[in-house]
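These notes are about the structure you will find just below.
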Amino acid sequence: MPNRRHTRFLVCWLVLGCCLAGPLAARAAGTATFKAVLIYASDEPAPLDRRLEDIEYKLRRMLKFAHYRHSGEGSITLNLPGAGAIPLGGGHQVRISATDAGGQNVRAQVQWLRGGQALVSTTVKLGRRSPAVLGGISERNGRLIVCLTAY
Amino acid sequence: MIGREQDRELSRWLDGEVSPKQAAAVEAYLEESAEARRLRAEFAEAGERLRRLPVPDGPAPEAVWAKVRRTLRLEAEESNRRRQGAGFLVSRPLWAGGMLGVLALGISLAAVFWQGGAGDAVAAVPAVVESVESDLPGAMTMVYQDEDTGLTLIWVQESENQEPVHAES
């Protein structure tokens, strides 16, 4: 009879296998996850935010603003082809209609909406983990930015 | 009348189990006692009868004992074999589970490096903008790709604010 140690060992392996099989199956099924982060860029002092640590230093190199404040974020996983919306708060949302673009790329029709108004409409071919930055919308003394990344 | 002690001494003498001194005493006693001689004759006759009795067929006790020990040894070996077999059967699912886990881990890591991780390591391909427009009145759009950061910027320049977009660099 298997003792308790053996059983625990077996269960650990099976759990590990199941945990890894899920993401693998999702990838194999032709899905893409989109993450959108709404950022308020201005010269108004803002505390450092760990949620922006991957993008803020890049934005600082490219844009003139001194401070970047996290204003909302969301993500969505789409079966390709597929469409969906990411609400970002403050009346902002990003609508995405995506198709597989071959390789590791997705082609996305992206609409950044505030209320019913399309602030930016773009068609962009995104590499996985290679963000596109949509921005320039005036807000108080700064600009609003949406950082969109496909995974 | 022969007492119990003499009877026992006589029996031991007949079996050759007495010392020479005791043997001499028994022999002296036999010479002087007719009853002792009669008893010796009875013992001798009984012994002769016993020797004439047929030996029962069958294996000798040593052979029986050897067979018992052999049977016990074989059963012990069989038991060990069964236990070892059971151990293998128990460990087989463990190995199978372990192998599946390792396989899943390997495939997943390969998938991660192939699809995502490798993208990071090999410099992500910048986004390619195919079209841009804005519903904001009078707004201009522009696209800028920054090689240093790998970012693709899709910028809307609203008409009332002509601030420069890019950093001084």
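Residue names in the structure tokens use chain letters A, B, ... in the order shown, residue numbers from 1 in each chain, and ligand numbers from 1 in the order shown.
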Compile the contact shell of segment 5-18 of chain B as an mmCIF file with N, CA and C atoms, in the first residue's frame: residues with an atom at most 10 Å away, counting only C-alpha atoms, same-chain residues fewer than 3 positions apart removed.
```cif
data_model
loop_
_atom_site.group_PDB
_atom_site.id
_atom_site.type_symbol
_atom_site.label_atom_id
_atom_site.label_comp_id
_atom_site.auth_asym_id
_atom_site.auth_seq_id
_atom_site.Cartn_x
_atom_site.Cartn_y
_atom_site.Cartn_z
ATOM 1 N N MET B 1 12.664 -59.083 46.807
ATOM 2 C CA MET B 1 11.915 -57.989 46.191
ATOM 3 C C MET B 1 12.901 -56.936 45.707
ATOM 4 N N ILE B 2 12.786 -56.584 44.492
ATOM 5 C CA ILE B 2 13.671 -55.578 43.932
ATOM 6 C C ILE B 2 12.994 -54.211 44.062
ATOM 7 N N LYS B 21 32.178 -48.740 38.399
ATOM 8 C CA LYS B 21 31.930 -49.083 39.806
ATOM 9 C C LYS B 21 30.477 -49.524 40.005
ATOM 10 N N GLN B 22 29.574 -48.767 39.363
ATOM 11 C CA GLN B 22 28.147 -49.111 39.474
ATOM 12 C C GLN B 22 27.876 -50.445 38.759
ATOM 13 N N ALA B 23 28.557 -50.635 37.635
ATOM 14 C CA ALA B 23 28.385 -51.893 36.893
ATOM 15 C C ALA B 23 28.810 -53.096 37.744
ATOM 16 N N ALA B 24 29.899 -52.899 38.449
ATOM 17 C CA ALA B 24 30.369 -54.002 39.308
ATOM 18 C C ALA B 24 29.355 -54.303 40.401
ATOM 19 N N ALA B 25 28.745 -53.240 40.921
ATOM 20 C CA ALA B 25 27.749 -53.420 41.983
ATOM 21 C C ALA B 25 26.523 -54.146 41.447
ATOM 22 N N VAL B 26 26.107 -53.772 40.212
ATOM 23 C CA VAL B 26 24.928 -54.412 39.610
ATOM 24 C C VAL B 26 25.221 -55.888 39.324
ATOM 25 N N GLU B 27 26.397 -56.152 38.818
ATOM 26 C CA GLU B 27 26.740 -57.526 38.473
ATOM 27 C C GLU B 27 26.803 -58.392 39.740
ATOM 28 N N TYR B 29 25.112 -57.868 42.363
ATOM 29 C CA TYR B 29 23.722 -58.016 42.779
ATOM 30 C C TYR B 29 23.011 -59.085 41.945
ATOM 31 N N LEU B 30 23.340 -59.138 40.666
ATOM 32 C CA LEU B 30 22.731 -60.151 39.798
ATOM 33 C C LEU B 30 23.164 -61.570 40.210
ATOM 34 N N ALA B 36 16.619 -60.688 40.412
ATOM 35 C CA ALA B 36 17.295 -59.704 39.567
ATOM 36 C C ALA B 36 17.628 -60.322 38.209
ATOM 37 N N ARG B 37 18.050 -61.568 38.241
ATOM 38 C CA ARG B 37 18.368 -62.221 36.977
ATOM 39 C C ARG B 37 17.102 -62.384 36.106
ATOM 40 N N LEU B 39 14.530 -60.503 36.191
ATOM 41 C CA LEU B 39 14.185 -59.164 35.664
ATOM 42 C C LEU B 39 15.081 -58.782 34.476
ATOM 43 N N ARG B 40 16.376 -59.183 34.596
ATOM 44 C CA ARG B 40 17.288 -58.887 33.500
ATOM 45 C C ARG B 40 16.844 -59.618 32.236
ATOM 46 N N PHE B 43 13.893 -57.833 30.777
ATOM 47 C CA PHE B 43 14.335 -56.613 30.068
ATOM 48 C C PHE B 43 14.950 -56.957 28.722
ATOM 49 N N ALA B 44 15.754 -57.989 28.748
ATOM 50 C CA ALA B 44 16.432 -58.381 27.510
ATOM 51 C C ALA B 44 15.409 -58.823 26.465
ATOM 52 N N GLY B 47 13.588 -55.924 25.108
ATOM 53 C CA GLY B 47 14.424 -55.194 24.164
ATOM 54 C C GLY B 47 14.461 -55.879 22.813
#
```
When the cut-off is 6 Å and we count only C-alpha atoms, which residues of chain B are near chain A, given as a PyMOL selection string?
-> chain B and resi 90+94+97-98+101+104+108+124-135+149+152-157+166-167
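By only C-alpha atoms, and with residues fewer than 4 positions from Asp49 of chain A along its chain excluded, the set lying at most 10 Å from it is A:Glu53, A:Glu56, A:Tyr68, A:Arg69, A:His70.
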N, CA and C atoms of the current selection, written as an mmCIF file, in the first residue's frame:
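In the end it all went to selection08.cif:
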```cif
data_model
loop_
_atom_site.group_PDB
_atom_site.id
_atom_site.type_symbol
_atom_site.label_atom_id
_atom_site.label_comp_id
_atom_site.auth_asym_id
_atom_site.auth_seq_id
_atom_site.Cartn_x
_atom_site.Cartn_y
_atom_site.Cartn_z
ATOM 1 N N GLU A 53 6.022 50.357 -12.854
ATOM 2 C CA GLU A 53 7.480 50.267 -12.871
ATOM 3 C C GLU A 53 8.019 49.707 -14.184
ATOM 4 N N GLU A 56 6.959 53.147 -16.765
ATOM 5 C CA GLU A 56 7.154 54.573 -16.463
ATOM 6 C C GLU A 56 8.508 55.092 -16.961
ATOM 7 N N TYR A 68 3.953 60.346 -13.589
ATOM 8 C CA TYR A 68 2.963 59.464 -14.214
ATOM 9 C C TYR A 68 2.158 58.791 -13.107
ATOM 10 N N ARG A 69 0.858 58.945 -13.206
ATOM 11 C CA ARG A 69 -0.004 58.425 -12.145
ATOM 12 C C ARG A 69 -0.921 57.331 -12.716
ATOM 13 N N HIS A 70 -0.968 56.215 -12.047
ATOM 14 C CA HIS A 70 -1.827 55.100 -12.456
ATOM 15 C C HIS A 70 -3.282 55.491 -12.214
#
```
Exercise: Pro87 of chain A partners within 7 Å, only C-alpha atoms, chain neighbours under 6 positions left out, as number ranges by chain = A: 74, 93-94
Out of chain A, which residues get strand (DSSP E) from DSSP, as a ChimeraX atom specification?
-> /A:31-42,67-79,82-89,92-100,105-114,117-127,132-139,142-150
Filtered DSSP result for chain A, state alpha helix (DSSP H), as a PyMOL selection string = chain A and resi 4-28+56-62
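A straight line drawn from atom CA of Leu136 of chain B to atom CA of Leu144 of chain A is 14.0 Å long.
When atom CA of Ala60 of chain B is paired with atom CA of Glu48 of chain B, their separation reads 22.1 Å.
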